[in-house]
Amino acid sequence: MPRNTLNRQLNMVQDEILILGSMVEQATRAAVGTLKSRDLREAKLVFEQDQIINEKRFAIENAILILMATQQPMARDLRTLAALLEVNTELERMGDYAKGIAKVTLRMGEADVNLPMVEIDQMSELAVGMLHRALGAFIEENANVAVAIPKEDDRIDELFNTAYSKILHEMVANPSTIDNVNLALWVIHNLERMADRVSNICERTVFIATGELFEMDGMDEEDLNV
Amino acid sequence: MNQPSKYVIETRGLNIFYGDFQAVKDISLQFERNRITAIIGPSGCGKSTVLRAFNRMNDFVPSAHATGEVLYHDQNINHPSVDAVQLRRLIGMVFQKPNPFPKSIYDNIAWGAKMNGFRGNTDDLVEETLRQAALWNEVKDNLKKSALALSGGQQQRLCIARALAVRPEIILMDEPCSALDPIATLKIEDLMRELSQNYTIIIVTHNMQQAARASDYTSFFTMDTDRAGIMVEYNETSLIFTKPKDQRTEDYITGRFG
């Protein structure tokens, strides 16, 4: 079967995307962890290491452009590379969300803030789990698996709503902590957006398999009733 | 013992003339060991002329003469002490049109090797080189069949096997796929990649997509105002096709030449 070079280079880019994905997963877990531990050194580390994610994103983008220019991919190969470019950007933005959460920890410092940690933890675990499986399906080009994942976003939206009410109650109950509690809104917003971006990855998986582009999840940020 | 140089062939200020006409002007290029280097450019830019200078094939053109140097392992190949026949054994060539001998597949390989003094087991040599040329599985049951009965792509791989049978160090390829269909072309390109583990390959092609796909380094030639071929740019293939430095290269690879 000809095209060994194209196949080899494509696999290399896919491996790099998987590595970028694990970096984002790890950053998200670590950032949410610092909200609980208030380990400010760790939070600073997560914040700074976003730079590594950004650099990797550029390196992957460059590799994809070289592959497109030199190997002239067509049909499924072309769709795969276009999808990889898109997913690469999605992952970099998810990295920014993790960085944003670490920044919230740094802003709160050691202040005593009553956060809806149960919901935040669950949202984070769900989002990271969705991302992990979505990337697996993306690399395997498994549209059946990919189609099912965005539906899990409903659970994240529920958690978002619960956490949102808890945060509002806390603001009313303890107005003196409003500055810090307000920051918690950013945390749940970031986690909710992260899950939305997972849906985008799933859309690209279907695109590779079928050539069709469509929105899987009608709800996005602008539709949310917040 | 000295470390072998990274470059197996190098030209310094190479000028080649056909009679009074200067075909190429002031070419200085270095070719790295175990790498595939492509020379691209429009028709008449002198790329094949330069390729043929690497194993003195221009000796067969009576009006051709050259100034400057072509160094093979730091030795000027145009020096009177260099045996051109021996040089062509070490620097083999594959041509545009597959040109197998009108003999069996087996003899195509065995012949050239024997003429070059091969004394080992010929059966082994035939199998080994056909395997290296990714042809063995397709012909192993029909080695006595005429080479002319093979498809174009198979004939070209046979010619590559024939070139390998004399144990060269460098393989020059002059438009090796221009007579082949797209799938046969891609097979040759995959084969080049395999062979580059053990050989240095220099390929001339006017198919720049092929240069992009198959090579590590690319050199872009064009014609100067006096119609002599000149080298415009030489760099890693990935850079030539994404960030060329010279506007003439950019115009050529984006199809805006002329």
# chains A, B, ... in the order shown; residues from 1 in each chain; ligands from 1

call {"tool": "residues_around", "arguments": {"residues": "stretch 203-211 of chain A", "least_positions_apart": "3", "cutoff": "8 Å", "atoms": "only C-alpha atoms", "output": "JSON, numbers by chain"}}
result
{"A": [76, 79, 80, 83, 86, 87, 137, 138, 141, 142, 143, 146, 147, 199, 200, 214, 215, 216]}

call {"tool": "residues_around", "arguments": {"residues": "stretch 115-120 of chain A", "least_positions_apart": "2", "cutoff": "6 Å", "atoms": "only C-alpha atoms", "output": "number ranges by chain"}}
result
A: 113, 122-123, 159, 163

call {"tool": "write_last_selection", "arguments": {"atoms": "C-alpha atoms", "output": "PDB file, in the first residue's frame"}}
result
ATOM      1  CA  VAL A 113     -14.325  31.064  50.346  1.00  0.00           C
ATOM      2  CA  GLN A 122     -17.799  16.562  39.148  1.00  0.00           C
ATOM      3  CA  MET A 123     -17.850  19.005  36.256  1.00  0.00           C
ATOM      4  CA  LEU A 159     -24.181  20.740  37.459  1.00  0.00           C
ATOM      5  CA  ALA A 163     -23.349  25.406  41.134  1.00  0.00           C
TER       6      ALA A 163
END

call {"tool": "residues_around", "arguments": {"residues": "stretch 212-220 of chain B", "least_positions_apart": "3", "cutoff": "7 Å", "atoms": "only C-alpha atoms", "output": "list in words"}}
result
Thr70 and Gln71 of chain A; Arg35, Ile36, Thr37, Ala38, Ile39, Ile40, Gly41, Glu189, Met208, Gln209, Met231, Val232, Glu233, Tyr234, Asn235, Glu236, Thr237, Ile240, Phe241 and Thr249 of chain B

call {"tool": "write_last_selection", "arguments": {"atoms": "C-alpha atoms", "output": "compact mmCIF listing (two decimals), in the first residue's frame"}}
result
# COMPACT_ATOMS: atom_id res chain seq x y z
CA THR A 70 4.54 18.28 0.93
CA GLN A 71 2.21 15.29 0.86
CA ARG B 35 19.28 11.67 2.05
CA ILE B 36 17.01 12.26 -0.92
CA THR B 37 17.69 15.52 -2.68
CA ALA B 38 15.43 16.77 -5.43
CA ILE B 39 16.35 19.21 -8.17
CA ILE B 40 13.31 20.98 -9.56
CA GLY B 41 12.77 23.72 -12.07
CA GLU B 189 8.53 7.16 -4.01
CA MET B 208 7.32 19.49 -7.95
CA GLN B 209 4.65 17.62 -5.99
CA MET B 231 20.39 27.63 -8.81
CA VAL B 232 18.00 29.94 -6.99
CA GLU B 233 17.45 28.27 -3.64
CA TYR B 234 18.46 25.12 -1.79
CA ASN B 235 16.95 24.11 1.53
CA GLU B 236 15.05 21.47 3.45
CA THR B 237 12.06 20.37 1.39
CA ILE B 240 11.08 25.23 0.34
CA PHE B 241 7.39 24.31 0.08
CA THR B 249 10.91 29.95 -5.88

call {"tool": "select_by_dssp", "arguments": {"residues": "stretch 108-145 of chain B", "states": "alpha helix (DSSP H)", "output": "VMD selection string"}}
result
chain B and resid 108 to 115 122 to 132 136 to 139

call {"tool": "interface_residues", "arguments": {"of": "chain A", "to": "chain B", "cutoff": "9 Å", "atoms": "only C-alpha atoms", "output": "list of chain:residue names"}}
result
A:Met1, A:Pro2, A:Arg3, A:Asn4, A:Thr5, A:Leu6, A:Leu65, A:Ile66, A:Leu67, A:Ala69, A:Thr70, A:Gln71, A:Gln72

call {"tool": "write_last_selection", "arguments": {"atoms": "N, CA and C atoms", "output": "short mmCIF file (atom, residue, chain, number, x, y, z; two decimals), in the first residue's frame"}}
result
data_model
loop_
_atom_site.label_atom_id
_atom_site.label_comp_id
_atom_site.auth_asym_id
_atom_site.auth_seq_id
_atom_site.Cartn_x
_atom_site.Cartn_y
_atom_site.Cartn_z
N MET A 1 0.85 -1.20 0.00
CA MET A 1 0.00 0.00 0.00
C MET A 1 0.88 1.25 0.00
N PRO A 2 0.83 2.03 -1.07
CA PRO A 2 1.72 3.19 -1.14
C PRO A 2 1.37 4.26 -0.10
N ARG A 3 2.17 5.32 -0.10
CA ARG A 3 1.99 6.48 0.77
C ARG A 3 2.43 6.23 2.20
N ASN A 4 3.54 5.50 2.33
CA ASN A 4 4.10 5.26 3.66
C ASN A 4 4.48 6.56 4.36
N THR A 5 5.06 7.50 3.61
CA THR A 5 5.52 8.74 4.24
C THR A 5 4.34 9.53 4.80
N LEU A 6 3.29 9.68 3.98
CA LEU A 6 2.09 10.39 4.44
C LEU A 6 1.53 9.71 5.69
N LEU A 65 0.89 22.00 8.49
CA LEU A 65 1.05 22.79 7.26
C LEU A 65 2.12 22.17 6.35
N ILE A 66 3.20 21.71 6.96
CA ILE A 66 4.25 21.07 6.16
C ILE A 66 3.70 19.80 5.51
N LEU A 67 2.94 19.05 6.29
CA LEU A 67 2.36 17.82 5.74
C LEU A 67 1.42 18.12 4.56
N ALA A 69 1.54 20.73 2.63
CA ALA A 69 2.30 21.26 1.50
C ALA A 69 3.10 20.17 0.80
N THR A 70 3.64 19.25 1.56
CA THR A 70 4.54 18.28 0.93
C THR A 70 3.85 16.99 0.50
N GLN A 71 2.80 16.60 1.18
CA GLN A 71 2.21 15.29 0.86
C GLN A 71 0.91 15.37 0.07
N GLN A 72 0.43 16.55 -0.18
CA GLN A 72 -0.79 16.74 -0.99
C GLN A 72 -1.91 15.77 -0.61
#

call {"tool": "residues_around", "arguments": {"residues": "stretch 83-87 of chain B", "least_positions_apart": "2", "cutoff": "12 Å", "atoms": "only C-alpha atoms", "output": "count of residues only"}}
result
32

call {"tool": "atom_distance", "arguments": {"atom1": "atom CA of A:Ala102", "atom2": "atom CA of A:Asp39"}}
result
10.0 Å

call {"tool": "closest_residue", "arguments": {"among": "B:Gln132, B:Ile202, B:Gln197, B:Gln96", "to": "B:Gln30", "atoms": "only C-alpha atoms"}}
result
B:Ile202

call {"tool": "select_by_dssp", "arguments": {"residues": "stretch 90-208 of chain B", "states": "strand (DSSP E or B)", "output": "list of chain:residue names"}}
result
B:Ile91, B:Gly92, B:Met93, B:Val94, B:Ser104, B:Ser146, B:Ile170, B:Ile171, B:Leu172, B:Met173, B:Asp174, B:Thr200, B:Ile201, B:Ile202, B:Ile203, B:Val204

call {"tool": "write_last_selection", "arguments": {"atoms": "C-alpha atoms", "output": "compact mmCIF listing (two decimals), in the first residue's frame"}}
result
# COMPACT_ATOMS: atom_id res chain seq x y z
CA ILE B 91 27.09 6.41 -8.87
CA GLY B 92 24.30 4.62 -10.69
CA MET B 93 21.53 6.09 -12.75
CA VAL B 94 17.87 5.41 -13.37
CA SER B 104 14.67 -12.28 -18.57
CA SER B 146 10.97 -11.42 -20.26
CA ILE B 170 24.57 6.99 -4.94
CA ILE B 171 21.57 6.60 -7.20
CA LEU B 172 20.81 9.38 -9.66
CA MET B 173 17.25 9.46 -10.91
CA ASP B 174 16.30 11.49 -13.95
CA THR B 200 22.12 8.59 -1.27
CA ILE B 201 19.53 9.58 -3.86
CA ILE B 202 19.48 12.60 -6.13
CA ILE B 203 16.37 13.00 -8.22
CA VAL B 204 15.59 15.41 -11.01

call {"tool": "atom_distance", "arguments": {"atom1": "atom CA of A:Lys151", "atom2": "atom CA of A:Ala127"}}
result
12.0 Å

call {"tool": "atom_distance", "arguments": {"atom1": "atom CA of A:Asn190", "atom2": "atom CA of A:Tyr97"}}
result
5.3 Å

call {"tool": "residues_around", "arguments": {"residues": "B:Thr49", "least_positions_apart": "5", "cutoff": "8 Å", "atoms": "only C-alpha atoms", "output": "ChimeraX atom specification"}}
result
/B:16,23-24,58

call {"tool": "write_last_selection", "arguments": {"atoms": "C-alpha atoms", "output": "CSV table (one decimal), in the first residue's frame"}}
result
chain,number,residue,atom,x,y,z
B,16,ILE,CA,28.6,23.3,-18.1
B,23,ALA,CA,23.8,25.4,-20.1
B,24,VAL,CA,24.4,26.0,-16.3
B,58,ASN,CA,28.1,14.3,-20.2

call {"tool": "residues_around", "arguments": {"residues": "B:Phe101", "least_positions_apart": "5", "cutoff": "12 Å", "atoms": "only C-alpha atoms", "output": "MDAnalysis selection string"}}
result
chainID B and resid 106:112 146:150 155:156 158:159 162
